[in-house]
$ cat run.csv   # CSV, C-alpha atoms
chain,number,residue,atom,x,y,z
D,1,MET,CA,11.3,-126.3,276.8
D,2,LEU,CA,8.3,-125.0,275.0
D,3,ILE,CA,6.6,-121.6,274.4
D,4,THR,CA,3.0,-121.3,273.4
D,5,PHE,CA,1.1,-118.2,272.4
D,6,HIS,CA,-2.5,-117.3,272.2
D,7,LYS,CA,-4.0,-117.1,268.7
D,8,LYS,CA,-4.7,-113.4,269.2
D,9,LEU,CA,-1.0,-112.7,269.7
D,10,ALA,CA,0.1,-114.5,266.5
D,11,GLU,CA,1.0,-111.2,264.7
D,12,GLU,CA,3.1,-110.0,267.7
D,13,ILE,CA,5.0,-113.3,267.7
D,14,LEU,CA,5.6,-113.0,263.9
D,15,LYS,CA,6.8,-109.4,264.3
D,16,ALA,CA,9.5,-110.7,266.6
D,17,PHE,CA,10.8,-112.8,263.7
D,18,GLY,CA,10.6,-110.0,261.1
D,19,LYS,CA,7.4,-111.3,259.6
D,20,LYS,CA,4.0,-109.6,259.0
D,21,VAL,CA,0.6,-110.4,257.4
D,22,ASP,CA,-0.1,-109.1,253.9
D,23,THR,CA,-3.5,-107.8,252.6
D,24,GLN,CA,-4.5,-111.3,251.6
D,25,GLY,CA,-3.8,-112.6,255.1
D,26,CYS,CA,-0.6,-114.5,254.2
D,27,LEU,CA,2.6,-114.5,256.2
D,28,VAL,CA,5.3,-112.4,254.5
D,29,GLU,CA,8.8,-111.0,255.3
D,30,THR,CA,8.4,-107.5,256.7
D,31,GLU,CA,11.3,-106.1,254.7
D,32,THR,CA,10.8,-107.8,251.3
D,33,SER,CA,7.1,-108.8,251.4
D,34,GLN,CA,8.3,-112.2,250.2
D,35,LYS,CA,5.9,-115.0,251.1
D,36,VAL,CA,6.8,-117.1,254.1
D,37,LEU,CA,6.5,-120.8,253.2
D,38,THR,CA,6.3,-124.1,255.1
D,39,SER,CA,8.9,-126.8,254.7
D,40,LYS,CA,6.7,-128.2,251.9
D,41,GLY,CA,6.7,-124.9,250.1
D,42,GLU,CA,3.1,-123.9,251.0
D,43,GLU,CA,2.0,-120.3,251.7
D,44,ILE,CA,0.6,-119.8,255.2
D,45,ASN,CA,-2.6,-117.8,256.0
D,46,ILE,CA,-2.6,-116.2,259.5
D,47,ASN,CA,-5.7,-118.2,260.4
D,48,GLU,CA,-3.8,-121.4,259.9
D,49,PHE,CA,-0.5,-120.4,261.4
D,50,GLY,CA,0.5,-123.1,263.9
D,51,GLY,CA,3.9,-121.8,265.1
D,52,ILE,CA,7.6,-122.0,264.5
D,53,THR,CA,9.8,-125.0,265.2
D,54,LYS,CA,13.2,-124.9,266.7
D,55,GLY,CA,16.3,-124.5,264.8
D,56,SER,CA,16.1,-122.8,261.5
D,57,GLN,CA,12.8,-121.1,261.8
D,58,ILE,CA,10.4,-123.6,260.1
D,59,TYR,CA,6.9,-122.1,259.9
D,60,LEU,CA,4.0,-124.4,260.5
D,61,LYS,CA,0.5,-124.6,259.2
D,62,SER,CA,-2.1,-125.8,261.7
D,63,ASP,CA,-4.1,-128.3,259.6
D,64,ILE,CA,-4.1,-131.9,260.7
D,65,VAL,CA,-1.7,-133.2,258.1
D,66,SER,CA,0.9,-130.5,259.0
D,67,LEU,CA,0.3,-131.2,262.6
D,68,ILE,CA,1.0,-134.9,262.2
D,69,ASN,CA,4.2,-134.2,260.3
D,70,PHE,CA,5.3,-131.9,263.1
D,71,VAL,CA,4.6,-134.5,265.8
D,72,GLU,CA,6.4,-137.2,263.9
D,73,GLU,CA,9.5,-135.1,263.0
D,74,ASP,CA,9.6,-133.8,266.7
D,75,GLN,CA,9.6,-137.4,268.1
M,1,MET,CA,19.3,-121.4,280.1
M,2,ASN,CA,19.8,-117.9,281.5
M,3,TRP,CA,16.6,-116.3,282.7
M,4,ASP,CA,18.1,-113.1,284.1
M,5,TRP,CA,16.3,-111.1,281.4
M,6,LEU,CA,13.0,-112.5,282.5
M,7,ILE,CA,13.6,-111.7,286.1
M,8,LYS,CA,14.6,-108.2,285.1
M,9,LEU,CA,11.4,-107.9,283.2
M,10,PHE,CA,9.2,-109.3,285.9
M,11,PRO,CA,10.8,-108.4,289.3
M,12,LYS,CA,8.1,-110.4,291.1
M,13,LEU,CA,9.9,-113.5,289.8
M,14,LYS,CA,12.7,-112.8,292.2
M,15,LYS,CA,10.5,-114.3,294.8
M,16,LEU,CA,10.7,-117.6,293.1
M,17,ASN,CA,13.7,-119.8,294.0
M,18,LEU,CA,16.3,-121.0,291.6
M,19,GLU,CA,14.7,-124.4,291.5
M,20,PHE,CA,11.7,-122.9,289.6
M,21,PHE,CA,13.9,-121.7,286.8
M,22,LYS,CA,15.8,-125.0,286.7
M,23,ASN,CA,12.5,-126.8,286.2
M,24,LEU,CA,10.9,-124.2,283.9
M,25,THR,CA,9.7,-126.2,280.8
M,26,PHE,CA,6.8,-124.1,279.6
M,27,ILE,CA,6.0,-120.5,278.9
M,28,HIS,CA,2.7,-119.3,277.7
M,29,ILE,CA,2.2,-115.9,276.2
M,30,GLY,CA,-1.4,-115.0,276.3
M,31,PRO,CA,-3.8,-112.1,276.7
M,32,LYS,CA,-5.0,-113.1,280.2
M,33,ILE,CA,-3.3,-113.5,283.5
M,34,LYS,CA,-3.0,-117.2,284.3
M,35,TYR,CA,-1.6,-119.0,287.4
M,36,THR,CA,1.7,-120.6,287.2
M,37,ASP,CA,2.4,-124.1,288.4
M,38,LYS,CA,5.9,-125.4,289.4
M,39,ARG,CA,7.1,-125.7,285.9
M,40,SER,CA,5.4,-123.1,283.9
M,41,LEU,CA,5.1,-119.4,283.6
M,42,LYS,CA,2.2,-117.6,281.9
M,43,ILE,CA,2.9,-114.1,280.7
M,44,ASN,CA,0.1,-111.5,280.2
M,45,PHE,CA,1.5,-109.9,277.1
M,46,ASN,CA,-1.3,-107.3,276.7
M,47,LYS,CA,-0.5,-105.9,280.1
M,48,LEU,CA,3.2,-105.3,279.3
M,49,SER,CA,4.6,-101.9,278.4
M,50,PRO,CA,6.0,-101.4,274.8
M,51,LYS,CA,9.5,-101.7,276.3
M,52,GLU,CA,8.7,-105.0,278.1
M,53,LYS,CA,7.0,-106.3,274.9
M,54,LYS,CA,10.1,-105.5,273.0
M,55,THR,CA,12.3,-107.3,275.5
M,56,ILE,CA,10.2,-110.5,275.1
M,57,SER,CA,10.1,-110.1,271.3
M,58,ASN,CA,13.9,-109.7,271.1
M,59,LYS,CA,14.4,-112.9,273.1
M,60,LEU,CA,12.1,-115.1,271.1
M,61,PRO,CA,14.4,-115.7,268.1
M,62,LYS,CA,17.3,-116.6,270.5
M,63,LEU,CA,15.1,-119.0,272.4
M,64,LEU,CA,14.0,-120.6,269.1
M,65,GLU,CA,17.7,-121.0,268.1
M,66,SER,CA,18.5,-122.6,271.4
M,67,GLY,CA,15.9,-125.4,270.6
M,68,VAL,CA,12.6,-124.1,271.9
M,69,ASP,CA,9.4,-124.6,269.8
M,70,ILE,CA,7.1,-121.6,269.7
M,71,LEU,CA,3.6,-123.0,269.1
M,72,GLU,CA,0.1,-121.6,268.9
M,73,GLU,CA,-1.8,-122.8,272.0
M,74,LYS,CA,-4.5,-124.7,270.2
M,75,PHE,CA,-2.0,-126.3,267.8
M,76,LYS,CA,-0.1,-127.6,270.9
M,77,GLU,CA,-3.3,-128.9,272.5
M,78,THR,CA,-4.2,-130.7,269.3
M,79,ALA,CA,-0.7,-132.1,268.9
M,80,ASP,CA,-0.8,-133.5,272.4
M,81,ASP,CA,-4.3,-134.9,271.8
M,82,TYR,CA,-3.1,-136.5,268.5
M,83,LYS,CA,-0.1,-138.1,270.3
M,84,GLU,CA,-2.3,-139.6,272.9
M,85,LYS,CA,-5.0,-140.9,270.6
M,86,ILE,CA,-2.8,-142.3,267.9
M,87,GLN,CA,-0.9,-144.3,270.5
M,88,SER,CA,-4.0,-146.2,271.5
M,89,ALA,CA,-3.7,-150.0,271.1
M,90,SER,CA,-6.4,-150.2,268.5
M,91,ASN,CA,-4.9,-147.4,266.3
M,92,GLN,CA,-1.4,-148.8,266.6
M,93,LYS,CA,-2.7,-152.3,265.7
M,94,VAL,CA,-4.2,-150.9,262.4
M,95,LEU,CA,-1.1,-148.8,261.6
M,96,GLU,CA,1.4,-151.6,262.4
M,97,TYR,CA,-0.6,-154.1,260.2
M,98,PHE,CA,-0.8,-151.9,257.2
M,99,LYS,CA,2.7,-150.4,257.2
M,100,GLY,CA,4.6,-151.8,254.2
M,101,LYS,CA,1.4,-153.3,252.8
M,102,ILE,CA,-0.2,-150.1,251.5
M,103,PRO,CA,1.5,-147.0,250.0
M,104,ASP,CA,3.2,-144.6,252.4
M,105,ASN,CA,1.0,-141.8,251.4
M,106,ASP,CA,-2.0,-143.8,252.4
M,107,ILE,CA,-0.4,-144.5,255.8
M,108,SER,CA,-0.3,-140.7,256.3
M,109,ILE,CA,-4.0,-140.5,255.3
M,110,LEU,CA,-4.8,-143.4,257.6
M,111,LYS,CA,-3.1,-141.8,260.6
M,112,ALA,CA,-5.2,-138.6,260.1
M,113,SER,CA,-8.3,-140.7,259.6
M,114,LEU,CA,-7.7,-142.8,262.7
M,115,TYR,CA,-7.2,-139.6,264.7
M,116,LEU,CA,-10.5,-138.3,263.3
M,117,LYS,CA,-12.2,-141.6,264.2
M,118,SER,CA,-10.9,-141.3,267.8
M,119,VAL,CA,-12.0,-137.7,268.1
M,120,PHE,CA,-15.5,-138.7,266.8
M,121,GLU,CA,-15.7,-141.6,269.3
M,122,SER,CA,-14.9,-139.2,272.1
M,123,ASP,CA,-17.7,-136.8,270.9
M,124,GLY,CA,-15.2,-134.2,269.6
M,125,GLU,CA,-15.6,-131.9,266.6
M,126,THR,CA,-14.5,-133.7,263.4
M,127,LYS,CA,-15.6,-131.4,260.6
M,128,LEU,CA,-12.4,-129.4,260.3
M,129,ILE,CA,-10.2,-132.6,260.5
M,130,LYS,CA,-12.2,-134.2,257.7
M,131,SER,CA,-12.0,-131.1,255.5
M,132,ASN,CA,-8.3,-130.8,256.2
M,133,ILE,CA,-7.9,-134.4,255.0
M,134,VAL,CA,-10.0,-133.9,251.8
M,135,ASN,CA,-8.2,-130.5,251.0
M,136,ARG,CA,-4.8,-132.2,251.3
M,137,TYR,CA,-5.5,-135.6,249.7
M,138,GLY,CA,-8.6,-135.0,247.6
M,139,VAL,CA,-11.0,-137.8,246.7
M,140,ARG,CA,-8.5,-140.5,247.8
M,141,GLY,CA,-8.3,-138.8,251.2
M,142,ARG,CA,-12.1,-138.8,251.5
M,143,HIS,CA,-12.4,-142.4,250.5
M,144,ILE,CA,-9.7,-143.7,252.9
M,145,CYS,CA,-11.2,-141.6,255.7
M,146,ASN,CA,-14.7,-143.0,255.1
M,147,LEU,CA,-13.3,-146.6,254.9
M,148,CYS,CA,-11.3,-146.0,258.1
M,149,THR,CA,-14.0,-144.4,260.2
M,150,ALA,CA,-16.5,-147.1,259.3
M,151,GLY,CA,-13.9,-149.8,260.4
M,152,TYR,CA,-13.4,-151.3,256.9
M,153,PHE,CA,-9.6,-151.4,257.2
M,154,GLU,CA,-10.2,-154.0,260.0
M,155,THR,CA,-13.3,-155.7,258.6
M,156,TRP,CA,-12.7,-155.8,254.8
M,157,ILE,CA,-9.2,-154.8,253.8
M,158,ARG,CA,-7.3,-156.8,256.4
M,159,PRO,CA,-9.3,-160.0,255.9
M,160,ALA,CA,-8.8,-159.5,252.1
M,161,TYR,CA,-5.0,-159.4,252.6
M,162,GLU,CA,-5.0,-162.4,254.9
M,163,GLU,CA,-7.1,-164.5,252.6
M,164,MET,CA,-5.1,-163.5,249.5
M,165,SER,CA,-1.7,-164.0,251.2
M,166,GLN,CA,-2.7,-167.7,251.8
M,167,LEU,CA,-2.9,-168.3,248.1
M,168,SER,CA,0.1,-169.7,246.1
M,169,GLY,CA,1.7,-167.1,243.9
M,170,PHE,CA,0.6,-164.3,246.1
M,171,THR,CA,2.4,-161.0,245.6
M,172,LEU,CA,1.9,-157.6,247.3
M,173,GLY,CA,1.1,-156.3,243.8
M,174,LYS,CA,-1.9,-158.6,243.6
M,175,PHE,CA,-3.2,-157.3,246.9
M,176,LEU,CA,-2.6,-153.7,245.9
M,177,LYS,CA,-4.7,-154.2,242.8
M,178,VAL,CA,-7.6,-155.3,245.0
M,179,TYR,CA,-6.9,-152.6,247.6
M,180,GLU,CA,-6.9,-149.9,244.9
M,181,GLU,CA,-10.3,-151.1,243.7
M,182,ILE,CA,-11.6,-150.9,247.3
M,183,VAL,CA,-10.2,-147.4,247.8
M,184,GLU,CA,-11.5,-146.2,244.5
M,185,PHE,CA,-15.0,-147.8,244.5
M,186,TYR,CA,-15.6,-149.3,247.9
M,187,PRO,CA,-18.2,-151.6,246.3
M,188,PHE,CA,-19.5,-152.8,249.7
M,189,ALA,CA,-20.4,-149.4,251.1
M,190,LEU,CA,-22.1,-146.1,250.5
M,191,PHE,CA,-21.6,-143.0,252.7
M,192,VAL,CA,-24.6,-140.7,252.6
M,193,HIS,CA,-23.9,-137.1,253.6
M,194,GLY,CA,-26.5,-134.5,254.6
M,195,ARG,CA,-26.4,-132.6,251.4
M,196,MET,CA,-27.4,-135.6,249.2
M,197,SER,CA,-30.9,-135.4,247.8
M,198,GLU,CA,-33.1,-138.5,247.7
M,199,ARG,CA,-32.5,-138.7,243.9
M,200,GLU,CA,-28.8,-138.6,244.4
M,201,ILE,CA,-29.0,-141.3,247.2
M,202,LYS,CA,-31.1,-143.5,244.9
M,203,GLN,CA,-28.7,-143.2,242.0
M,204,SER,CA,-25.7,-143.9,244.2
M,205,ILE,CA,-27.4,-147.0,245.8
M,206,GLU,CA,-28.4,-148.4,242.4
M,207,GLU,CA,-24.8,-147.8,241.1
M,208,LYS,CA,-23.3,-149.5,244.2
M,209,ILE,CA,-25.6,-152.5,243.8
M,210,LYS,CA,-24.4,-152.9,240.2
M,211,ILE,CA,-20.8,-152.6,241.3
M,212,ALA,CA,-21.2,-155.0,244.3
M,213,LYS,CA,-22.8,-157.6,242.0
M,214,LYS,CA,-20.0,-157.2,239.5
M,215,TYR,CA,-17.5,-158.0,242.3
M,216,GLY,CA,-19.6,-160.9,243.6
M,217,ILE,CA,-20.2,-159.0,246.8
M,218,LYS,CA,-23.5,-160.0,248.5
M,219,THR,CA,-23.9,-157.0,250.9
M,220,LEU,CA,-24.1,-153.2,250.7
M,221,ASN,CA,-23.7,-151.1,253.9
M,222,ILE,CA,-25.3,-147.7,253.7
M,223,HIS,CA,-23.8,-145.3,256.2
M,224,GLY,CA,-25.4,-142.1,257.4
M,225,ILE,CA,-25.3,-139.7,260.3
M,226,GLY,CA,-28.5,-138.2,261.8
M,227,SER,CA,-32.2,-139.0,261.8
M,228,SER,CA,-33.0,-136.9,258.7
M,229,ASN,CA,-30.5,-138.9,256.7
M,230,LEU,CA,-32.0,-142.2,258.0
M,231,LYS,CA,-35.5,-141.1,256.9
M,232,LYS,CA,-34.2,-140.2,253.4
M,233,ILE,CA,-32.2,-143.5,253.0
M,234,ARG,CA,-35.2,-145.6,254.2
M,235,LYS,CA,-37.6,-143.9,251.7
M,236,VAL,CA,-35.1,-144.5,248.8
M,237,ILE,CA,-34.6,-148.2,249.8
M,238,ASP,CA,-38.4,-148.7,249.9
M,239,GLU,CA,-38.6,-147.5,246.3
M,240,ILE,CA,-35.6,-149.6,245.1
M,241,GLU,CA,-36.9,-152.7,246.9
M,242,ILE,CA,-39.7,-153.0,244.4
M,243,GLU,CA,-37.2,-153.5,241.7
M,244,ASP,CA,-34.4,-155.4,243.5
M,245,LYS,CA,-35.1,-157.7,246.4
M,246,PHE,CA,-32.8,-157.7,249.4
M,247,ASP,CA,-32.9,-158.2,253.2
M,248,ARG,CA,-32.2,-155.2,255.2
M,249,ARG,CA,-31.1,-154.6,258.8
M,250,VAL,CA,-30.7,-151.3,260.5
M,251,GLU,CA,-27.9,-150.8,263.1
M,252,LYS,CA,-28.1,-147.6,265.0
M,253,GLU,CA,-25.6,-146.4,267.6
M,254,GLY,CA,-26.3,-142.9,268.8
M,255,ASN,CA,-26.5,-140.7,265.7
M,256,VAL,CA,-24.6,-143.1,263.5
M,257,ILE,CA,-26.7,-145.4,261.3
M,258,VAL,CA,-25.7,-148.3,259.1
M,259,ILE,CA,-28.3,-150.0,256.9
M,260,LYS,CA,-27.1,-153.4,255.8
M,261,LEU,CA,-28.6,-154.7,252.6
M,262,THR,CA,-28.0,-158.4,251.6
M,263,PHE,CA,-28.9,-159.3,248.1
M,264,LYS,CA,-31.2,-162.3,247.8
M,265,ASN,CA,-30.6,-163.0,244.1
M,266,SER,CA,-26.9,-162.2,243.9
M,267,SER,CA,-24.7,-164.7,242.0

$ encode --input "run.csv" --output "structure tokens"
Amino acid sequence: MLITFHKKLAEEILKAFGKKVDTQGCLVETETSQKVLTSKGEEININEFGGITKGSQIYLKSDIVSLINFVEEDQ
Amino acid sequence: MNWDWLIKLFPKLKKLNLEFFKNLTFIHIGPKIKYTDKRSLKINFNKLSPKEKKTISNKLPKLLESGVDILEEKFKETADDYKEKIQSASNQKVLEYFKGKIPDNDISILKASLYLKSVFESDGETKLIKSNIVNRYGVRGRHICNLCTAGYFETWIRPAYEEMSQLSGFTLGKFLKVYEEIVEFYPFALFVHGRMSEREIKQSIEEKIKIAKKYGIKTLNIHGIGSSNLKKIRKVIDEIEIEDKFDRRVEKEGNVIVIKLTFKNSS
């Protein structure tokens, strides 16, 4: 089962998980403004937000290297 | 999975039989109305009332917990494209061969580079992929990507391994030393990009000729994309030829050009 969303709705999706975008365009926790990081500890700009993977809310960047890591971990 | 909340939200879904919900494998949340096929449902989020939006939003974390990925549309498309292209026989042949022979980190760069090569070959847009690779892996990423897209893993690095592995006393360490030199200097090739001036191209070619001679390599392949690049490279080679004699052959396929120089007086 998979859910996809249109890029324009990224902020709506993030809102559902208690996240928002700060003034620099980075994903942060709505309540604490703490930066949301990828599993590799990288900050995520809204323009490179690729989605959230199942389980424990792992946030993805959309660059090719992160995408390959996602595909390989998903297989 | 219980879809009662979805039917409550979209009463029209009541028309669909239970089989549809059993087979439902894909939901897309987008700004436009899209048709549904037998296994997918496309929700026009912008048309929903605030209450309906809230119902969907409240359900998303539960769906994620139950094992559902929530992916940006383009990310999903690229992931599917990557899965398909990386599985091609030619890409798998390269990856299988080099696994365990070159560092794991380079295998990751090689995978991204092979994908870039496949996208390029199918006339896709490669600029962003290349800049992603360089941003993540720096100069090493750029070099491996250049070597891979020009086919040098198959035409230089693999033959180098095969030849070396026949020698007595061969160790992987010995191959890796040669491999590192290829990745760092690629003495047999120069990649000319559009922003290089004629002066920079000339300097780079002269430097490569020196390095190639040092390694006893008799050829230098100059790679470029586009006719303006070809013009610049040709002009520079004409200037250099006065000082250093070599045969030249131009191979052109579409917009991709390789000028092959063979040194006449190399030792």

$ residues_around --input "run.csv" --residues "D:Phe17" --least-positions-apart "3" --cutoff "9 Å" --atoms "all atoms listed in the file" --output "list in words"
Ile13, Leu14, Lys20, Glu29 and Gln57 of chain D; Ser57, Asn58, Leu60 and Pro61 of chain M

$ residues_around --input "run.csv" --residues "M:Ala212" --least-positions-apart "5" --cutoff "7 Å" --atoms "all atoms listed in the file" --output "list in words"
Pro187, Phe188, Ile217 and Lys218 of chain M

$ write_last_selection --input "run.csv" --atoms "C-alpha atoms" --output "PDB file, keeping the file's coordinate frame"
ATOM      1  CA  PRO M 187     -18.200-151.600 246.300  1.00  0.00           C
ATOM      2  CA  PHE M 188     -19.500-152.800 249.700  1.00  0.00           C
ATOM      3  CA  ILE M 217     -20.200-159.000 246.800  1.00  0.00           C
ATOM      4  CA  LYS M 218     -23.500-160.000 248.500  1.00  0.00           C
TER       5      LYS M 218
END

$ axis_aligned_box --input "run.csv" --around "stretch 102-110 of chain M" --padding-each-side "4 Å" --output "lines of an AutoDock Vina configuration file"
center_x = -0.8
center_y = -145.3
center_z = 253.8
size_x = 16.0
size_y = 17.6
size_z = 15.6

$ interface_residues --input "run.csv" --of "chain M" --to "chain D" --cutoff "8 Å" --atoms "only C-alpha atoms" --output "ChimeraX atom specification"
/M:24-31,57-58,60-61,64-76,79,82-83,108,112,129,132-133,136

$ atom_distance --input "run.csv" --atom1 "atom CA of D:Asn45" --atom2 "atom CA of D:Gly25"
5.4 Å

$ atom_distance --input "run.csv" --atom1 "atom CA of M:Pro50" --atom2 "atom CA of D:Val21"
20.3 Å

$ atom_distance --input "run.csv" --atom1 "atom CA of M:Ser165" --atom2 "atom CA of M:Ile102"
14.0 Å

$ residues_near_point --input "run.csv" --point "(5.0, -117.4, 255.6)" --cutoff "8 Å" --atoms "only C-alpha atoms" --output "JSON, numbers by chain"
{"D": [19, 26, 27, 28, 29, 35, 36, 37, 38, 43, 44, 45, 59]}

$ build_atoms --input "run.csv" --residues "stretch 122-134 of chain M" --atoms "N, CA, C and O atoms" --output "compact mmCIF listing (two decimals), keeping the file's coordinate frame"
# COMPACT_ATOMS: atom_id res chain seq x y z
N SER M 122 -14.86 -139.86 270.84
CA SER M 122 -14.90 -139.20 272.10
C SER M 122 -15.76 -137.90 272.06
O SER M 122 -15.55 -136.95 272.80
N ASP M 123 -16.70 -137.90 271.09
CA ASP M 123 -17.70 -136.80 270.90
C ASP M 123 -17.03 -135.46 270.59
O ASP M 123 -17.59 -134.42 270.90
N GLY M 124 -15.86 -135.49 269.98
CA GLY M 124 -15.20 -134.20 269.60
C GLY M 124 -15.66 -133.73 268.25
O GLY M 124 -16.43 -134.40 267.55
N GLU M 125 -15.20 -132.57 267.87
CA GLU M 125 -15.60 -131.90 266.60
C GLU M 125 -14.67 -132.45 265.48
O GLU M 125 -13.44 -132.37 265.57
N THR M 126 -15.28 -133.02 264.43
CA THR M 126 -14.50 -133.70 263.40
C THR M 126 -14.54 -132.98 262.02
O THR M 126 -13.79 -133.35 261.12
N LYS M 127 -15.44 -132.00 261.86
CA LYS M 127 -15.60 -131.40 260.60
C LYS M 127 -14.36 -130.82 259.96
O LYS M 127 -14.04 -131.05 258.79
N LEU M 128 -13.63 -130.07 260.78
CA LEU M 128 -12.40 -129.40 260.30
C LEU M 128 -11.34 -130.46 259.93
O LEU M 128 -10.65 -130.33 258.92
N ILE M 129 -11.24 -131.51 260.74
CA ILE M 129 -10.20 -132.60 260.50
C ILE M 129 -10.55 -133.21 259.13
O ILE M 129 -9.67 -133.41 258.29
N LYS M 130 -11.84 -133.52 258.92
CA LYS M 130 -12.20 -134.20 257.70
C LYS M 130 -11.94 -133.24 256.48
O LYS M 130 -11.39 -133.69 255.47
N SER M 131 -12.28 -131.95 256.63
CA SER M 131 -12.00 -131.10 255.50
C SER M 131 -10.55 -130.86 255.26
O SER M 131 -10.09 -130.73 254.13
N ASN M 132 -9.74 -130.88 256.32
CA ASN M 132 -8.30 -130.80 256.20
C ASN M 132 -7.77 -132.02 255.34
O ASN M 132 -6.94 -131.88 254.46
N ILE M 133 -8.30 -133.21 255.66
CA ILE M 133 -7.90 -134.40 255.00
C ILE M 133 -8.26 -134.35 253.49
O ILE M 133 -7.46 -134.64 252.60
N VAL M 134 -9.50 -133.93 253.23
CA VAL M 134 -10.00 -133.90 251.80
C VAL M 134 -9.22 -132.76 251.07
O VAL M 134 -8.82 -132.97 249.92
